[in-house]
file query-v8.cif (mmCIF, C-alpha atoms)
data_input
loop_
_atom_site.group_PDB
_atom_site.id
_atom_site.type_symbol
_atom_site.label_atom_id
_atom_site.label_comp_id
_atom_site.auth_asym_id
_atom_site.auth_seq_id
_atom_site.Cartn_x
_atom_site.Cartn_y
_atom_site.Cartn_z
ATOM 1 C CA MET A 1010 16.490 -84.797 1.611
ATOM 2 C CA GLN A 1011 18.144 -88.011 2.823
ATOM 3 C CA ALA A 1012 21.011 -87.573 0.343
ATOM 4 C CA ALA A 1013 21.591 -84.023 1.540
ATOM 5 C CA LYS A 1014 21.651 -85.181 5.144
ATOM 6 C CA SER A 1015 24.160 -87.908 4.300
ATOM 7 C CA MET A 1016 26.414 -85.369 2.579
ATOM 8 C CA ALA A 1017 26.206 -83.092 5.605
ATOM 9 C CA ILE A 1018 27.148 -85.931 7.941
ATOM 10 C CA ARG A 1019 30.166 -86.797 5.752
ATOM 11 C CA PHE A 1020 31.237 -83.152 5.858
ATOM 12 C CA LEU A 1021 30.968 -83.088 9.650
ATOM 13 C CA ARG A 1022 33.502 -85.945 9.772
ATOM 14 C CA THR A 1023 36.124 -83.817 8.011
ATOM 15 C CA PRO A 1024 38.622 -81.695 10.026
ATOM 16 C CA LEU A 1025 36.662 -78.519 9.275
ATOM 17 C CA GLY A 1026 33.391 -80.179 10.193
ATOM 18 C CA LYS A 1027 34.837 -81.411 13.464
ATOM 19 C CA ARG A 1028 35.923 -77.884 14.342
ATOM 20 C CA LEU A 1029 32.392 -76.632 13.675
ATOM 21 C CA LEU A 1030 30.970 -79.381 15.864
ATOM 22 C CA ALA A 1031 33.132 -78.192 18.737
ATOM 23 C CA ALA A 1032 30.852 -75.153 18.909
ATOM 24 C CA GLN A 1033 27.643 -77.003 17.917
ATOM 25 C CA PRO A 1034 27.490 -80.695 18.926
ATOM 26 C CA LEU A 1035 25.563 -83.015 16.604
ATOM 27 C CA GLN A 1036 22.185 -84.057 17.956
ATOM 28 C CA ALA A 1037 20.410 -87.240 17.048
ATOM 29 C CA ASP A 1038 17.318 -85.369 15.840
ATOM 30 C CA GLY A 1039 19.360 -83.477 13.250
ATOM 31 C CA LEU A 1040 18.536 -79.977 14.538
ATOM 32 C CA ALA A 1041 22.234 -79.152 14.793
ATOM 33 C CA LEU A 1042 22.637 -79.801 11.058
ATOM 34 C CA GLN A 1043 20.010 -77.154 10.376
ATOM 35 C CA ALA A 1044 21.547 -74.793 12.922
ATOM 36 C CA LEU A 1045 24.890 -75.043 11.099
ATOM 37 C CA ALA A 1046 23.112 -73.746 8.005
ATOM 38 C CA GLY A 1047 22.326 -70.558 9.883
ATOM 39 C CA GLY A 1048 19.624 -71.551 12.331
ATOM 40 C CA VAL A 1049 17.002 -69.729 10.273
ATOM 41 C CA HIS A 1050 14.995 -72.814 9.374
ATOM 42 C CA SER A 1051 15.553 -74.746 12.591
ATOM 43 C CA PRO A 1052 12.330 -75.698 14.379
ATOM 44 C CA ALA A 1053 14.243 -74.946 17.576
ATOM 45 C CA ALA A 1054 14.929 -71.340 16.527
ATOM 46 C CA GLU A 1055 13.000 -68.713 18.510
ATOM 47 C CA THR A 1056 10.201 -67.236 16.418
ATOM 48 C CA ILE A 1057 8.118 -64.104 16.898
ATOM 49 C CA ALA A 1058 4.750 -65.879 17.151
ATOM 50 C CA GLY A 1059 3.771 -66.186 20.790
ATOM 51 C CA ALA A 1060 6.579 -63.939 22.051
ATOM 52 C CA ASP A 1061 5.547 -62.073 25.197
ATOM 53 C CA TYR A 1062 6.969 -58.622 25.999
ATOM 54 C CA GLU A 1063 6.523 -56.025 28.700
ATOM 55 C CA THR A 1064 6.424 -53.067 26.302
ATOM 56 C CA ILE A 1065 5.471 -54.473 22.880
ATOM 57 C CA ALA A 1066 2.276 -56.189 21.711
ATOM 58 C CA VAL A 1067 2.775 -58.817 19.015
ATOM 59 C CA SER A 1068 0.415 -60.682 16.731
ATOM 60 C CA VAL A 1069 1.050 -62.663 13.547
ATOM 61 C CA SER A 1070 -1.526 -63.227 10.802
ATOM 62 C CA SER A 1071 -1.954 -66.546 9.034
ATOM 63 C CA SER A 1072 -0.208 -65.053 5.999
ATOM 64 C CA GLY A 1073 2.883 -64.083 7.993
ATOM 65 C CA VAL A 1074 2.282 -60.370 8.611
ATOM 66 C CA VAL A 1075 3.748 -59.417 11.992
ATOM 67 C CA ASP A 1076 1.937 -56.627 13.860
ATOM 68 C CA LEU A 1077 4.474 -55.048 16.203
ATOM 69 C CA ALA A 1078 2.948 -52.372 18.442
ATOM 70 C CA LEU A 1079 4.763 -50.222 20.974
ATOM 71 C CA ASN A 1080 2.654 -50.792 24.066
ATOM 72 C CA ARG A 1081 3.270 -48.173 26.764
ATOM 73 C CA PRO A 1082 0.162 -46.054 26.089
ATOM 74 C CA ARG A 1083 0.128 -44.498 29.579
ATOM 75 C CA LYS A 1084 3.699 -43.290 28.944
ATOM 76 C CA LEU A 1085 2.838 -42.234 25.356
ATOM 77 C CA ASN A 1086 5.004 -45.103 24.112
ATOM 78 C CA ALA A 1087 8.193 -43.354 25.208
ATOM 79 C CA ILE A 1088 11.232 -45.575 24.687
ATOM 80 C CA ASN A 1089 12.662 -46.708 28.008
ATOM 81 C CA MET A 1090 15.327 -49.364 28.533
ATOM 82 C CA ALA A 1091 12.719 -52.136 28.447
ATOM 83 C CA VAL A 1092 11.478 -50.956 25.036
ATOM 84 C CA TRP A 1093 15.026 -50.959 23.685
ATOM 85 C CA ASN A 1094 15.517 -54.541 24.873
ATOM 86 C CA ASP A 1095 12.101 -55.717 23.649
ATOM 87 C CA LEU A 1096 12.607 -54.178 20.187
ATOM 88 C CA ALA A 1097 15.988 -55.864 19.884
ATOM 89 C CA ASP A 1098 14.610 -59.277 20.793
ATOM 90 C CA ALA A 1099 11.519 -58.897 18.594
ATOM 91 C CA PHE A 1100 13.490 -58.035 15.460
ATOM 92 C CA ARG A 1101 15.978 -60.813 16.193
ATOM 93 C CA ARG A 1102 13.098 -63.283 16.341
ATOM 94 C CA ILE A 1103 11.439 -61.883 13.203
ATOM 95 C CA ASP A 1104 14.689 -62.189 11.287
ATOM 96 C CA ASN A 1105 14.965 -65.853 12.318
ATOM 97 C CA ASP A 1106 11.302 -66.709 11.753
ATOM 98 C CA PRO A 1107 10.673 -68.540 8.450
ATOM 99 C CA ASN A 1108 6.975 -67.647 8.650
ATOM 100 C CA ALA A 1109 7.499 -63.874 8.892
ATOM 101 C CA ARG A 1110 6.784 -62.157 5.565
ATOM 102 C CA CYS A 1111 6.271 -58.479 6.467
ATOM 103 C CA VAL A 1112 6.176 -56.284 9.601
ATOM 104 C CA VAL A 1113 3.825 -53.439 10.528
ATOM 105 C CA LEU A 1114 5.298 -51.198 13.241
ATOM 106 C CA ARG A 1115 2.785 -48.999 15.069
ATOM 107 C CA GLY A 1116 1.868 -47.658 18.489
ATOM 108 C CA GLU A 1117 -0.956 -48.497 20.897
ATOM 109 C CA GLY A 1118 -2.999 -45.664 22.383
ATOM 110 C CA ARG A 1119 -3.059 -42.023 21.308
ATOM 111 C CA HIS A 1120 0.464 -41.794 19.922
ATOM 112 C CA PHE A 1121 2.952 -43.732 17.856
ATOM 113 C CA CYS A 1122 5.907 -42.803 20.080
ATOM 114 C CA THR A 1123 7.035 -39.694 21.939
ATOM 115 C CA GLY A 1124 10.720 -40.522 21.697
ATOM 116 C CA MET A 1125 13.263 -41.405 24.335
ATOM 117 C CA ASP A 1126 12.015 -41.727 27.901
ATOM 118 C CA LEU A 1127 14.019 -39.115 29.807
ATOM 119 C CA ASN A 1128 14.747 -41.711 32.497
ATOM 120 C CA VAL A 1129 17.083 -43.381 30.005
ATOM 121 C CA PHE A 1130 19.367 -40.357 30.075
ATOM 122 C CA SER A 1131 19.518 -40.354 33.869
ATOM 123 C CA GLN A 1132 20.172 -44.106 33.929
ATOM 124 C CA MET A 1133 22.981 -43.744 31.398
ATOM 125 C CA THR A 1134 24.521 -40.929 33.414
ATOM 126 C CA ALA A 1135 24.259 -42.840 36.688
ATOM 127 C CA LEU A 1136 25.898 -45.922 35.204
ATOM 128 C CA SER A 1137 28.708 -43.963 33.595
ATOM 129 C CA TYR A 1138 29.483 -42.144 36.847
ATOM 130 C CA GLN A 1139 30.128 -45.423 38.592
ATOM 131 C CA GLU A 1140 33.447 -45.143 36.765
ATOM 132 C CA THR A 1141 36.010 -42.841 38.324
ATOM 133 C CA CYS A 1142 38.092 -42.621 35.147
ATOM 134 C CA ASP A 1143 36.833 -39.967 32.708
ATOM 135 C CA ALA A 1144 38.026 -41.932 29.688
ATOM 136 C CA ARG A 1145 36.107 -45.021 30.807
ATOM 137 C CA LYS A 1146 32.980 -42.929 31.418
ATOM 138 C CA ARG A 1147 33.119 -41.716 27.821
ATOM 139 C CA GLU A 1148 33.770 -45.226 26.567
ATOM 140 C CA MET A 1149 30.687 -46.499 28.404
ATOM 141 C CA LEU A 1150 28.511 -43.715 26.976
ATOM 142 C CA ARG A 1151 29.806 -44.515 23.494
ATOM 143 C CA LYS A 1152 28.825 -48.173 23.985
ATOM 144 C CA PHE A 1153 25.299 -47.091 24.957
ATOM 145 C CA ILE A 1154 24.995 -44.944 21.821
ATOM 146 C CA LEU A 1155 26.319 -47.716 19.571
ATOM 147 C CA ARG A 1156 23.835 -50.177 21.074
ATOM 148 C CA PHE A 1157 20.938 -47.778 20.486
ATOM 149 C CA GLN A 1158 22.136 -47.294 16.892
ATOM 150 C CA GLU A 1159 22.234 -51.059 16.424
ATOM 151 C CA ILE A 1160 18.639 -51.474 17.637
ATOM 152 C CA ILE A 1161 17.316 -48.553 15.575
ATOM 153 C CA SER A 1162 18.982 -50.114 12.506
ATOM 154 C CA MET A 1163 17.217 -53.455 13.000
ATOM 155 C CA PRO A 1164 14.182 -52.610 10.825
ATOM 156 C CA GLU A 1165 16.572 -51.670 8.007
ATOM 157 C CA LYS A 1166 18.627 -54.841 8.454
ATOM 158 C CA CYS A 1167 15.591 -57.096 8.978
ATOM 159 C CA ARG A 1168 15.328 -59.429 5.999
ATOM 160 C CA VAL A 1169 11.602 -58.729 5.506
ATOM 161 C CA PRO A 1170 10.000 -55.332 4.789
ATOM 162 C CA VAL A 1171 9.045 -53.170 7.784
ATOM 163 C CA ILE A 1172 6.224 -50.624 7.375
ATOM 164 C CA ALA A 1173 5.744 -47.826 9.906
ATOM 165 C CA ALA A 1174 2.158 -46.686 10.579
ATOM 166 C CA VAL A 1175 2.272 -43.360 12.442
ATOM 167 C CA HIS A 1176 -0.526 -41.600 14.310
ATOM 168 C CA GLY A 1177 -0.344 -38.985 17.041
ATOM 169 C CA HIS A 1178 3.152 -37.932 18.080
ATOM 170 C CA CYS A 1179 6.323 -39.221 16.410
ATOM 171 C CA ILE A 1180 9.083 -37.379 18.223
ATOM 172 C CA GLY A 1181 12.886 -37.585 18.471
ATOM 173 C CA ALA A 1182 14.001 -41.217 18.654
ATOM 174 C CA ALA A 1183 10.706 -42.228 17.027
ATOM 175 C CA VAL A 1184 11.824 -40.383 13.881
ATOM 176 C CA ASP A 1185 15.115 -42.301 14.064
ATOM 177 C CA LEU A 1186 13.096 -45.513 14.196
ATOM 178 C CA ILE A 1187 10.755 -44.823 11.291
ATOM 179 C CA THR A 1188 13.560 -43.634 8.997
ATOM 180 C CA ALA A 1189 15.057 -47.131 9.361
ATOM 181 C CA CYS A 1190 11.806 -48.676 8.078
ATOM 182 C CA ASP A 1191 11.204 -49.572 4.426
ATOM 183 C CA MET A 1192 8.069 -47.451 4.095
ATOM 184 C CA ARG A 1193 6.194 -44.961 6.225
ATOM 185 C CA TYR A 1194 2.495 -43.979 6.323
ATOM 186 C CA ALA A 1195 0.686 -41.604 8.673
ATOM 187 C CA THR A 1196 -2.549 -39.903 9.565
ATOM 188 C CA GLU A 1197 -2.969 -36.350 8.331
ATOM 189 C CA THR A 1198 -2.949 -35.121 11.931
ATOM 190 C CA ALA A 1199 0.190 -37.019 12.992
ATOM 191 C CA ASN A 1200 2.801 -34.775 14.571
ATOM 192 C CA PHE A 1201 6.510 -35.206 13.800
ATOM 193 C CA SER A 1202 9.574 -33.502 15.250
ATOM 194 C CA VAL A 1203 13.342 -33.993 15.136
ATOM 195 C CA LYS A 1204 13.340 -32.831 18.740
ATOM 196 C CA GLU A 1205 16.915 -33.463 19.861
ATOM 197 C CA ILE A 1206 18.048 -29.900 19.085
ATOM 198 C CA ASP A 1207 15.686 -28.554 21.794
ATOM 199 C CA LEU A 1208 17.348 -30.838 24.347
ATOM 200 C CA GLY A 1209 20.806 -29.567 23.439
ATOM 201 C CA ILE A 1210 21.618 -32.899 21.793
ATOM 202 C CA VAL A 1211 22.850 -33.848 18.326
ATOM 203 C CA ALA A 1212 20.567 -36.627 17.053
ATOM 204 C CA ASP A 1213 22.849 -39.649 17.125
ATOM 205 C CA VAL A 1214 21.011 -42.885 16.335
ATOM 206 C CA GLY A 1215 19.999 -42.527 12.694
ATOM 207 C CA THR A 1216 17.891 -39.514 11.723
ATOM 208 C CA LEU A 1217 20.778 -37.340 10.493
ATOM 209 C CA GLN A 1218 22.182 -40.263 8.523
ATOM 210 C CA ARG A 1219 18.937 -41.458 6.875
ATOM 211 C CA LEU A 1220 16.588 -38.474 6.686
ATOM 212 C CA PRO A 1221 18.582 -36.527 4.020
ATOM 213 C CA ALA A 1222 18.119 -39.380 1.533
ATOM 214 C CA ILE A 1223 14.378 -39.420 2.269
ATOM 215 C CA VAL A 1224 13.387 -35.736 2.328
ATOM 216 C CA GLY A 1225 16.453 -34.085 0.796
ATOM 217 C CA ASP A 1226 19.469 -32.426 2.380
ATOM 218 C CA SER A 1227 18.030 -28.921 2.811
ATOM 219 C CA ARG A 1228 14.715 -30.088 4.295
ATOM 220 C CA CYS A 1229 16.560 -32.371 6.711
ATOM 221 C CA ARG A 1230 18.711 -29.448 7.830
ATOM 222 C CA GLU A 1231 15.702 -27.192 8.365
ATOM 223 C CA LEU A 1232 13.811 -29.782 10.401
ATOM 224 C CA SER A 1233 16.892 -30.747 12.421
ATOM 225 C CA TYR A 1234 18.125 -27.195 13.109
ATOM 226 C CA THR A 1235 14.709 -25.951 14.272
ATOM 227 C CA GLY A 1236 13.137 -29.040 15.864
ATOM 228 C CA ARG A 1237 9.779 -27.663 14.719
ATOM 229 C CA ASP A 1238 6.602 -29.729 14.589
ATOM 230 C CA PHE A 1239 5.234 -30.799 11.220
ATOM 231 C CA SER A 1240 2.059 -32.679 10.359
ATOM 232 C CA GLY A 1241 1.303 -35.882 8.497
ATOM 233 C CA GLY A 1242 0.251 -33.746 5.539
ATOM 234 C CA ASP A 1243 3.613 -31.966 5.662
ATOM 235 C CA ALA A 1244 5.404 -35.311 5.943
ATOM 236 C CA LEU A 1245 3.631 -36.433 2.779
ATOM 237 C CA ARG A 1246 4.743 -33.313 0.904
ATOM 238 C CA TYR A 1247 8.305 -33.743 2.135
ATOM 239 C CA GLY A 1248 8.410 -37.404 1.102
ATOM 240 C CA LEU A 1249 8.816 -38.781 4.625
ATOM 241 C CA VAL A 1250 5.581 -40.747 4.289
ATOM 242 C CA LEU A 1251 3.987 -42.248 1.192
ATOM 243 C CA ALA A 1252 0.384 -41.424 2.142
ATOM 244 C CA ALA A 1253 -1.476 -39.505 4.838
ATOM 245 C CA TYR A 1254 -4.934 -40.791 5.830
ATOM 246 C CA GLU A 1255 -7.841 -39.037 7.491
ATOM 247 C CA ASP A 1256 -7.789 -41.165 10.653
ATOM 248 C CA GLU A 1257 -6.054 -44.045 12.423
ATOM 249 C CA GLU A 1258 -8.664 -46.598 11.366
ATOM 250 C CA LYS A 1259 -8.105 -45.843 7.677
ATOM 251 C CA LEU A 1260 -4.328 -45.797 8.209
ATOM 252 C CA ASN A 1261 -4.275 -49.227 9.820
ATOM 253 C CA ALA A 1262 -6.616 -50.707 7.218
ATOM 254 C CA GLU A 1263 -4.553 -49.475 4.270
ATOM 255 C CA VAL A 1264 -1.208 -50.456 5.800
ATOM 256 C CA SER A 1265 -2.543 -53.914 6.672
ATOM 257 C CA LYS A 1266 -3.765 -54.338 3.103
ATOM 258 C CA LEU A 1267 -0.332 -53.383 1.771
ATOM 259 C CA ALA A 1268 1.424 -55.753 4.191
ATOM 260 C CA GLU A 1269 -0.847 -58.643 3.186
ATOM 261 C CA ASP A 1270 -0.128 -57.945 -0.488
ATOM 262 C CA ILE A 1271 3.627 -58.061 0.146
ATOM 263 C CA ALA A 1272 3.205 -61.241 2.202
ATOM 264 C CA SER A 1273 1.522 -62.937 -0.771
ATOM 265 C CA LYS A 1274 4.626 -62.554 -2.946
ATOM 266 C CA SER A 1275 7.576 -64.910 -3.160
ATOM 267 C CA PRO A 1276 9.424 -64.567 0.163
ATOM 268 C CA MET A 1277 12.745 -65.193 -1.597
ATOM 269 C CA ALA A 1278 12.020 -62.453 -4.127
ATOM 270 C CA VAL A 1279 10.885 -59.973 -1.461
ATOM 271 C CA ARG A 1280 13.901 -60.617 0.745
ATOM 272 C CA GLY A 1281 16.253 -60.400 -2.218
ATOM 273 C CA THR A 1282 14.659 -57.177 -3.420
ATOM 274 C CA LYS A 1283 14.982 -55.572 0.018
ATOM 275 C CA TYR A 1284 18.618 -56.621 0.260
ATOM 276 C CA ALA A 1285 19.408 -55.268 -3.218
ATOM 277 C CA ILE A 1286 17.730 -51.897 -2.597
ATOM 278 C CA THR A 1287 19.482 -51.485 0.750
ATOM 279 C CA TYR A 1288 22.801 -52.572 -0.762
ATOM 280 C CA GLN A 1289 22.617 -50.080 -3.640
ATOM 281 C CA GLY A 1290 22.097 -47.248 -1.187
ATOM 282 C CA GLN A 1291 25.486 -48.013 0.332
ATOM 283 C CA HIS A 1292 27.491 -48.741 -2.842
ATOM 284 C CA ASP A 1293 28.102 -47.332 -6.297
ATOM 285 C CA THR A 1294 25.967 -48.492 -9.233
ATOM 286 C CA ALA A 1295 28.571 -50.826 -10.742
ATOM 287 C CA THR A 1296 29.107 -52.631 -7.438
ATOM 288 C CA ALA A 1297 25.355 -52.902 -6.842
ATOM 289 C CA LEU A 1298 24.812 -54.344 -10.333
ATOM 290 C CA ASP A 1299 27.506 -56.928 -9.679
ATOM 291 C CA GLN A 1300 25.823 -57.837 -6.394
ATOM 292 C CA ILE A 1301 22.430 -58.459 -7.977
ATOM 293 C CA ALA A 1302 23.991 -60.477 -10.819
ATOM 294 C CA THR A 1303 25.587 -62.765 -8.240
ATOM 295 C CA TRP A 1304 22.366 -62.930 -6.219
ATOM 296 C CA ASN A 1305 20.205 -63.950 -9.173
ATOM 297 C CA ALA A 1306 22.788 -66.397 -10.475
ATOM 298 C CA ALA A 1307 22.252 -68.196 -7.178
ATOM 299 C CA MET A 1308 18.485 -67.698 -6.799
ATOM 300 C CA LEU A 1309 16.900 -67.936 -10.265
ATOM 301 C CA LEU A 1310 16.767 -71.734 -10.172
ATOM 302 C CA GLY A 1311 14.696 -71.799 -6.983
ATOM 303 C CA HIS A 1312 11.208 -73.216 -6.454
ATOM 304 C CA ASP A 1313 9.661 -69.760 -6.040
ATOM 305 C CA VAL A 1314 10.482 -68.824 -9.639
ATOM 306 C CA GLU A 1315 8.995 -72.079 -10.918
ATOM 307 C CA GLU A 1316 5.815 -71.571 -8.884
ATOM 308 C CA ALA A 1317 5.420 -67.913 -9.903
ATOM 309 C CA LEU A 1318 5.786 -68.745 -13.602
ATOM 310 C CA ALA A 1319 3.401 -71.701 -13.342
ATOM 311 C CA ALA A 1320 0.807 -69.611 -11.504
ATOM 312 C CA THR A 1321 1.029 -66.883 -14.142
ATOM 313 C CA MET A 1322 0.577 -69.354 -16.994
ATOM 314 C CA GLU A 1323 -2.267 -71.163 -15.223
ATOM 315 C CA LYS A 1324 -3.926 -67.885 -14.152
ATOM 316 C CA ARG A 1325 -4.071 -68.851 -10.493
ATOM 317 C CA LYS A 1326 -2.707 -67.554 -7.207
ATOM 318 C CA ALA A 1327 0.866 -68.591 -6.461
ATOM 319 C CA HIS A 1328 1.593 -70.549 -3.276
ATOM 320 C CA PHE A 1329 5.079 -70.275 -1.818
ATOM 321 C CA PRO A 1330 6.817 -72.339 0.887
ATOM 322 C CA ARG A 1331 6.795 -71.057 4.449
ATOM 323 C CA THR A 1332 10.521 -70.324 4.472
#
call {"tool": "encode", "arguments": {"input": "query-v8.cif", "output": "structure tokens"}}
result
Amino acid sequence: MQAAKSMAIRFLRTPLGKRLLAAQPLQADGLALQALAGGVHSPAAETIAGADYETIAVSVSSSGVVDLALNRPRKLNAINMAVWNDLADAFRRIDNDPNARCVVLRGEGRHFCTGMDLNVFSQMTALSYQETCDARKREMLRKFILRFQEIISMPEKCRVPVIAAVHGHCIGAAVDLITACDMRYATETANFSVKEIDLGIVADVGTLQRLPAIVGDSRCRELSYTGRDFSGGDALRYGLVLAAYEDEEKLNAEVSKLAEDIASKSPMAVRGTKYAITYQGQHDTATALDQIATWNAAMLLGHDVEEALAATMEKRKAHFPRT
């Protein structure tokens, strides 16, 4: 550790290192050295544990499972501007938290989420009409849409797996959100709808881009053209969810069990597996194979591999670092 710190200090004395320090001054406690490595492992980095939000309830288990619950039950967990901001901050913290191993995304109260709060549309319109230039109005609306897309994509881009647990209604923007998750589970009586068509809107923050790969092109078209309701049992048959349980209690118990199992695995292996699966979905097979060859060439000599092999040989549970 001391040798590595000495090497880092020597690097910071080079011209390149000095330029980096212009943006991140060296601190005597060495936190800046860690921040230069990405900030992920810095004790000063904001973590999800203890985060306090207006619209999201957060808890973190001792094993690193993050329970992230939409918490506007009186408003049926509709997504207002505060929810958008809270989701963005929560996933930013999770991504920077070395203790986070897996995320369960669910909703408090009777429903998972009833989609976009209609007040968001009026707020967007009011803000855009502060501009007198039509072109600038459209540019502002485009920026809103791109920001919503960015936040919806955060579960997909999060370095740890995100599991959606759906009960009650899952409508409109809520479908956008769950399609960006790694896995989805529901109650048999959950109610889904790609509702935008009934509002005269083309779904624009992820459903039309992700749902075809999940349920198939034709099924996506049917659900999106009609906006019809479909149940948790239907969602299971379509492939949108991996299991449909008889009630919310059973759903939460089974999803928590799955999350704890994932959290017990090597965090490096889980993160690398998620990255590789996501990467292959966006590239051809040859490019994806090249990516994973490069990844494992860098990662196979890590401590997690040594610990996993030793635990297997010794017939004991593996214990991995909290990073």
call {"tool": "closest_atom_pairs", "arguments": {"input": "query-v8.cif", "of": "region 1189-1233 of chain A", "to": "region 1276-1291 of chain A", "cutoff": "12 Å", "atoms": "all atoms listed in the file", "output": "CSV"}}
result
residue,atom,partner,partner_atom,distance
A:Ala1189,CA,A:Thr1287,CA,10.6
A:Cys1190,CA,A:Thr1287,CA,11.0
A:Asp1191,CA,A:Lys1283,CA,8.3
A:Met1192,CA,A:Lys1283,CA,11.4
A:Gln1218,CA,A:Gln1291,CA,11.8
A:Arg1219,CA,A:Gly1290,CA,10.4
A:Ala1222,CA,A:Gly1290,CA,9.2
A:Ile1223,CA,A:Gly1290,CA,11.5
call {"tool": "residues_around", "arguments": {"input": "query-v8.cif", "residues": "Ala1091 (chain A)", "least_positions_apart": "3", "cutoff": "10 Å", "atoms": "only C-alpha atoms", "output": "list in words"}}
result
Tyr1062, Glu1063, Thr1064, Ile1065, Ile1088, Asn1094, Asp1095, Leu1096, Ala1097 and Val1129 of chain A
call {"tool": "closest_residue", "arguments": {"input": "query-v8.cif", "among": "A:Val1264, A:Leu1208, A:Ala1144, A:Ala1195", "to": "Thr1235 (chain A)", "atoms": "only C-alpha atoms"}}
result
A:Leu1208
call {"tool": "residues_around", "arguments": {"input": "query-v8.cif", "residues": "Leu1232 (chain A)", "least_positions_apart": "2", "cutoff": "12 Å", "atoms": "all atoms listed in the file", "output": "ChimeraX atom specification"}}
result
/A:1180-1181,1184,1201-1207,1212,1216-1217,1220-1221,1224-1230,1234-1239,1243-1244,1247,1249
call {"tool": "atom_distance", "arguments": {"input": "query-v8.cif", "atom1": "CA of Val1169 (chain A)", "atom2": "CA of Ile1103 (chain A)"}}
result
8.3 Å
call {"tool": "atom_distance", "arguments": {"input": "query-v8.cif", "atom1": "CA of Arg1168 (chain A)", "atom2": "CA of Ile1271 (chain A)"}}
result
13.2 Å
call {"tool": "residues_around", "arguments": {"input": "query-v8.cif", "residues": "Ala1078 (chain A)", "least_positions_apart": "5", "cutoff": "6 Å", "atoms": "all atoms listed in the file", "output": "list in words"}}
result
Ile1065, Ala1066, Leu1114, Arg1115 and Gly1116 of chain A
call {"tool": "atom_distance", "arguments": {"input": "query-v8.cif", "atom1": "CA of Asp1061 (chain A)", "atom2": "CA of Ala1099 (chain A)"}}
result
9.5 Å
call {"tool": "closest_residue", "arguments": {"input": "query-v8.cif", "among": "A:Met1125, A:Ala1327, A:Leu1260, A:Val1211", "to": "Gly1241 (chain A)", "atoms": "only C-alpha atoms"}}
result
A:Leu1260
call {"tool": "resolve_selection", "arguments": {"input": "query-v8.cif", "expression": "the PyMOL selection byres ((chain A and resi 1176) around 8)", "output": "list of chain:residue names"}}
result
A:Gly1116, A:Arg1119, A:His1120, A:Phe1121, A:Ala1174, A:Val1175, A:Gly1177, A:His1178, A:Cys1179, A:Ala1195, A:Thr1196, A:Thr1198, A:Ala1199, A:Asn1200, A:Glu1257
call {"tool": "resolve_selection", "arguments": {"input": "query-v8.cif", "expression": "the PyMOL selection byres ((chain A and resi 1074) around 6)", "output": "list in words"}}
result
Val1069, Ser1070, Ser1072, Gly1073, Val1075, Arg1110, Cys1111 and Val1112 of chain A
call {"tool": "closest_residue", "arguments": {"input": "query-v8.cif", "among": "A:Gln1132, A:Thr1188, A:Thr1294, A:Asn1261", "to": "Gly1248 (chain A)", "atoms": "all atoms listed in the file"}}
result
A:Thr1188
call {"tool": "residues_around", "arguments": {"input": "query-v8.cif", "residues": "Leu1309 (chain A)", "least_positions_apart": "6", "cutoff": "12 Å", "atoms": "all atoms listed in the file", "output": "list of chain:residue names"}}
result
A:Met1277, A:Ala1278, A:Gly1281, A:Ile1301, A:Ala1302, A:Thr1303, A:Glu1315, A:Glu1316, A:Ala1317, A:Leu1318
call {"tool": "decode", "arguments": {"input": "query-v8.cif", "residues": "region 1085-1105 of chain A", "atoms": "C-alpha atoms", "output": "JSON list (two decimals), in the first residue's frame"}}
result
[["chain", "number", "residue", "atom", "x", "y", "z"],
["A", 1085, "LEU", "CA", -49.89, 6.10, -5.92],
["A", 1086, "ASN", "CA", -46.15, 6.60, -6.36],
["A", 1087, "ALA", "CA", -46.66, 8.77, -9.43],
["A", 1088, "ILE", "CA", -43.37, 10.20, -10.67],
["A", 1089, "ASN", "CA", -43.20, 13.94, -10.08],
["A", 1090, "MET", "CA", -40.14, 16.16, -10.45],
["A", 1091, "ALA", "CA", -38.97, 15.31, -6.93],
["A", 1092, "VAL", "CA", -39.05, 11.58, -7.73],
["A", 1093, "TRP", "CA", -37.00, 12.15, -10.87],
["A", 1094, "ASN", "CA", -34.38, 14.04, -8.86],
["A", 1095, "ASP", "CA", -34.38, 11.54, -5.97],
["A", 1096, "LEU", "CA", -33.99, 8.55, -8.32],
["A", 1097, "ALA", "CA", -31.07, 10.24, -10.06],
["A", 1098, "ASP", "CA", -29.27, 10.95, -6.80],
["A", 1099, "ALA", "CA", -29.99, 7.50, -5.35],
["A", 1100, "PHE", "CA", -28.56, 5.62, -8.33],
["A", 1101, "ARG", "CA", -25.56, 7.96, -8.44],
["A", 1102, "ARG", "CA", -24.85, 7.12, -4.81],
["A", 1103, "ILE", "CA", -25.40, 3.38, -5.32],
["A", 1104, "ASP", "CA", -22.99, 3.38, -8.24],
["A", 1105, "ASN", "CA", -20.34, 5.05, -6.07]]
